[in-house]
file work-v8.cif (mmCIF, C-alpha atoms)
data_entry
loop_
_atom_site.label_atom_id
_atom_site.label_comp_id
_atom_site.auth_asym_id
_atom_site.auth_seq_id
_atom_site.Cartn_x
_atom_site.Cartn_y
_atom_site.Cartn_z
CA MET A 1 46.90 90.96 73.18
CA ARG A 2 50.31 92.39 72.42
CA ARG A 3 49.48 95.80 73.82
CA PRO A 4 48.99 94.66 77.49
CA LEU A 5 52.23 92.69 77.28
CA ALA A 6 54.09 95.75 75.98
CA VAL A 7 52.64 97.88 78.79
CA ALA A 8 53.62 95.27 81.37
CA LEU A 9 57.15 95.02 79.98
CA GLY A 10 57.42 98.81 79.97
CA ALA A 11 56.36 98.93 83.62
CA VAL A 12 58.89 96.23 84.53
CA ALA A 13 61.63 98.15 82.70
CA ALA A 14 60.71 101.38 84.50
CA VAL A 15 60.78 99.67 87.90
CA SER A 16 64.10 97.99 87.07
CA LEU A 17 65.58 101.29 85.95
CA SER A 18 64.46 103.03 89.15
CA LEU A 19 65.99 100.26 91.25
CA VAL A 20 69.29 100.60 89.41
CA ALA A 21 69.30 104.41 89.60
CA ALA A 22 68.26 104.77 93.26
CA PRO A 23 71.52 103.70 94.94
CA SER A 24 73.65 106.05 92.87
CA ALA A 25 71.34 108.93 93.74
CA GLN A 26 71.80 108.21 97.44
CA ALA A 27 75.49 107.34 97.31
CA GLY A 28 76.56 110.97 97.20
CA SER A 29 75.59 111.92 100.74
CA GLY A 30 75.68 110.96 104.38
CA ASP A 31 76.45 107.49 105.63
CA ASP A 32 76.49 106.00 102.11
CA ALA A 33 79.31 108.28 101.02
CA ASN A 34 81.23 107.96 104.30
CA VAL A 35 81.28 104.18 103.80
CA HIS A 36 81.31 103.56 100.05
CA SER A 37 82.90 106.59 98.36
CA VAL A 38 86.32 106.28 96.75
CA GLU A 39 87.12 109.57 98.49
CA VAL A 40 87.52 107.97 101.94
CA CYS A 41 91.00 106.59 101.29
CA ARG A 42 92.33 108.95 98.65
CA SER A 43 95.33 111.10 99.39
CA LYS A 44 94.04 113.86 101.64
CA SER A 45 95.26 116.50 99.18
CA LYS A 46 93.21 114.89 96.38
CA SER A 47 90.09 113.87 98.31
CA LYS A 48 86.89 115.88 97.99
CA PHE A 49 86.19 114.94 101.63
CA LYS A 50 87.70 117.70 103.73
CA PHE A 51 87.99 116.22 107.23
CA HIS A 52 90.83 113.79 107.87
CA ILE A 53 91.05 111.77 111.07
CA PHE A 54 94.30 110.02 112.01
CA TYR A 55 95.27 107.04 114.11
CA ASN A 56 98.45 108.66 115.51
CA SER A 57 99.30 112.08 116.89
CA GLY A 58 100.86 114.56 114.50
CA MET A 59 98.56 113.45 111.68
CA GLY A 60 100.47 110.19 111.46
CA GLY A 61 99.65 106.59 110.78
CA SER A 62 96.59 105.52 108.89
CA TYR A 63 93.74 107.96 108.28
CA ARG A 64 90.25 108.22 106.85
CA ASN A 65 88.69 111.12 104.99
CA ILE A 66 85.18 112.00 106.15
CA GLY A 67 82.81 114.08 104.06
CA TYR A 68 79.62 114.11 106.12
CA SER A 69 78.70 114.20 109.80
CA VAL A 70 78.84 110.82 111.57
CA TYR A 71 76.40 110.26 114.45
CA ASP A 72 78.26 107.19 115.76
CA PHE A 73 81.55 105.88 114.38
CA ASN A 74 80.46 102.31 115.30
CA ALA A 75 76.95 102.45 113.83
CA VAL A 76 77.04 103.98 110.37
CA ARG A 77 73.91 103.09 108.39
CA PRO A 78 74.46 103.18 104.63
CA GLY A 79 71.23 102.95 102.69
CA GLY A 80 69.18 104.85 105.28
CA SER A 81 66.64 102.25 106.31
CA ASN A 82 69.09 99.39 105.86
CA PRO A 83 69.08 97.59 109.21
CA GLY A 84 72.78 96.77 108.94
CA THR A 85 75.36 99.02 110.52
CA TYR A 86 79.07 99.37 109.93
CA SER A 87 81.98 100.62 111.97
CA LEU A 88 84.06 103.26 110.25
CA LYS A 89 87.66 102.10 110.06
CA PHE A 90 90.95 103.66 109.18
CA CYS A 91 92.08 102.94 105.63
CA VAL A 92 94.65 100.24 104.97
CA PHE A 93 97.93 101.60 103.65
CA GLY A 94 101.24 99.79 103.15
CA ALA A 95 100.57 96.34 101.71
CA SER A 96 103.66 94.52 103.00
CA ASN A 97 104.21 96.81 105.98
CA PRO A 98 100.83 98.20 107.10
CA TRP A 99 100.76 101.69 108.57
CA PRO A 100 99.85 101.96 112.25
CA GLY A 101 96.09 101.82 112.66
CA SER A 102 95.32 100.25 109.27
CA ALA A 103 91.84 98.65 109.37
CA GLN A 104 91.33 99.58 113.05
CA LYS A 105 87.99 101.02 114.12
CA ILE A 106 87.99 104.81 114.38
CA LYS A 107 85.83 104.90 117.52
CA ASN A 108 88.07 105.47 120.54
CA ASN A 109 91.20 105.11 118.39
CA ALA A 110 91.82 108.54 116.82
CA ALA A 111 94.59 110.84 118.01
CA SER A 112 94.59 113.81 115.61
CA GLY A 113 92.65 115.54 112.87
CA ASP A 114 92.90 117.97 110.00
CA ASN A 115 90.14 120.24 108.64
CA ASP A 116 90.74 121.28 105.03
CA HIS A 117 87.31 122.86 104.57
CA TYR A 118 87.28 126.54 103.66
CA LYS A 119 84.01 127.32 105.45
CA TYR A 120 82.96 124.81 108.15
CA THR A 121 84.30 123.96 111.59
CA ALA A 122 85.00 120.27 112.21
CA ARG A 123 84.07 118.85 115.62
CA VAL A 124 85.05 115.46 117.03
CA TYR A 125 82.98 114.43 120.08
CA TYR A 126 83.67 112.17 123.04
CA ASN A 127 80.21 110.52 122.83
CA SER A 128 77.98 109.34 120.02
CA GLY A 129 75.25 111.72 118.95
CA TYR A 130 77.52 114.79 118.99
CA LYS A 131 77.60 114.92 122.77
CA GLY A 132 80.18 115.37 125.48
CA ALA A 133 83.62 116.92 125.32
CA GLN A 134 84.83 117.93 121.90
CA ASN A 135 87.82 119.13 119.97
CA SER A 136 86.96 121.62 117.26
CA MET A 137 88.99 122.70 114.26
CA ALA A 138 88.26 125.95 112.44
CA PRO A 139 88.58 125.99 108.64
CA TYR A 140 92.11 125.00 107.55
CA GLN A 141 93.10 124.10 111.12
CA HIS A 142 94.57 120.85 112.37
CA ILE A 143 95.08 119.40 115.81
CA ALA A 144 98.30 117.44 116.15
CA ARG A 145 97.00 115.72 119.30
CA PHE A 146 93.41 115.78 120.46
CA THR A 147 93.26 117.15 123.99
CA LYS A 148 89.67 116.38 124.95
CA VAL A 149 88.92 113.31 122.83
CA TYR A 150 92.32 111.60 122.44
CA ASN A 151 91.50 107.91 121.85
CA ASP A 152 88.02 108.62 123.27
CA ASN A 153 86.00 109.74 120.26
CA ALA A 154 82.65 108.58 119.02
CA SER A 155 81.15 111.07 116.55
CA PHE A 156 81.96 113.87 114.13
CA ARG A 157 79.97 116.89 112.89
CA TRP A 158 80.41 119.89 110.63
CA THR A 159 79.14 123.19 112.07
#

call {"tool": "encode", "arguments": {"input": "work-v8.cif", "output": "structure tokens"}}
result
Amino acid sequence: MRRPLAVALGAVAAVSLSLVAAPSAQAGSGDDANVHSVEVCRSKSKSKFKFHIFYNSGMGGSYRNIGYSVYDFNAVRPGGSNPGTYSLKFCVFGASNPWPGSAQKIKNNAASGDNDHYKYTARVYYNSGYKGAQNSMAPYQHIARFTKVYNDNASFRWT
């Protein structure tokens, strides 16, 4: 009688372990990382995420670091099949005197960008789904003021 109980407990432990391990395995990529990673609000020089999008022109005001392509700034889906969506927002800086753009949605609010990647081109698009007009930044290039998607931006992709 003890043997079936031990097998059942072992199966429960294995299922519990897989449930605990699954989120961390997924948290390193895509929408999960763009929402939940500590990299999103780190100093841009210290962040592992190499695209930085800014609220103001001249890479000013609040910003957010983005590590993976974003199909729609207003409908990020962490967890893959999770039915909930989130809007990407600029990070909050300056506790008693918040920086311009702190906690504002990124969609249709970004004015400049900085690509610190050594290999990939960063593209910010006018429409969701990587469509419409775009501003592109070659590796190590920045745009002090978006010309084609200034305050009209909806998605981002590495190419």

call {"tool": "closest_residue", "arguments": {"input": "work-v8.cif", "among": "A:Tyr55, A:Tyr68, A:Phe90, A:Phe146", "to": "Trp158 (chain A)", "atoms": "only C-alpha atoms"}}
result
A:Tyr68

call {"tool": "resolve_selection", "arguments": {"input": "work-v8.cif", "expression": "the PyMOL selection byres ((chain A and resi 126) around 8)", "output": "JSON, numbers by chain"}}
result
{"A": [124, 125, 127, 128, 130, 131, 132, 133, 134, 148, 149, 152, 153, 154, 155]}

call {"tool": "closest_residue", "arguments": {"input": "work-v8.cif", "among": "A:Asn135, A:Asn65, A:Asn74, A:Asn108", "to": "Thr121 (chain A)", "atoms": "all atoms listed in the file"}}
result
A:Asn135

call {"tool": "resolve_selection", "arguments": {"input": "work-v8.cif", "expression": "the PyMOL selection byres ((chain A and resi 57) around 6)", "output": "list of chain:residue names"}}
result
A:Asn56, A:Gly58, A:Met59, A:Gly60, A:Ala111, A:Ser112, A:Ala144, A:Arg145

call {"tool": "closest_residue", "arguments": {"input": "work-v8.cif", "among": "A:Tyr86, A:Ile143, A:Gln104, A:Lys50", "to": "Phe73 (chain A)", "atoms": "only C-alpha atoms"}}
result
A:Tyr86

call {"tool": "atom_distance", "arguments": {"input": "work-v8.cif", "atom1": "CA of Ile53 (chain A)", "atom2": "CA of Asn115 (chain A)"}}
result
8.9 Å

call {"tool": "resolve_selection", "arguments": {"input": "work-v8.cif", "expression": "the PyMOL selection byres ((chain A and resi 42-46) around 10)", "output": "list in words"}}
result
Ser37, Val38, Glu39, Val40, Cys41, Ser47, Lys48, Phe49, Lys50, Phe51, His52, Tyr63, Arg64, Asn65, Cys91, Asp114 and Asp116 of chain A

call {"tool": "atom_distance", "arguments": {"input": "work-v8.cif", "atom1": "CA of Thr85 (chain A)", "atom2": "CA of His36 (chain A)"}}
result
12.9 Å
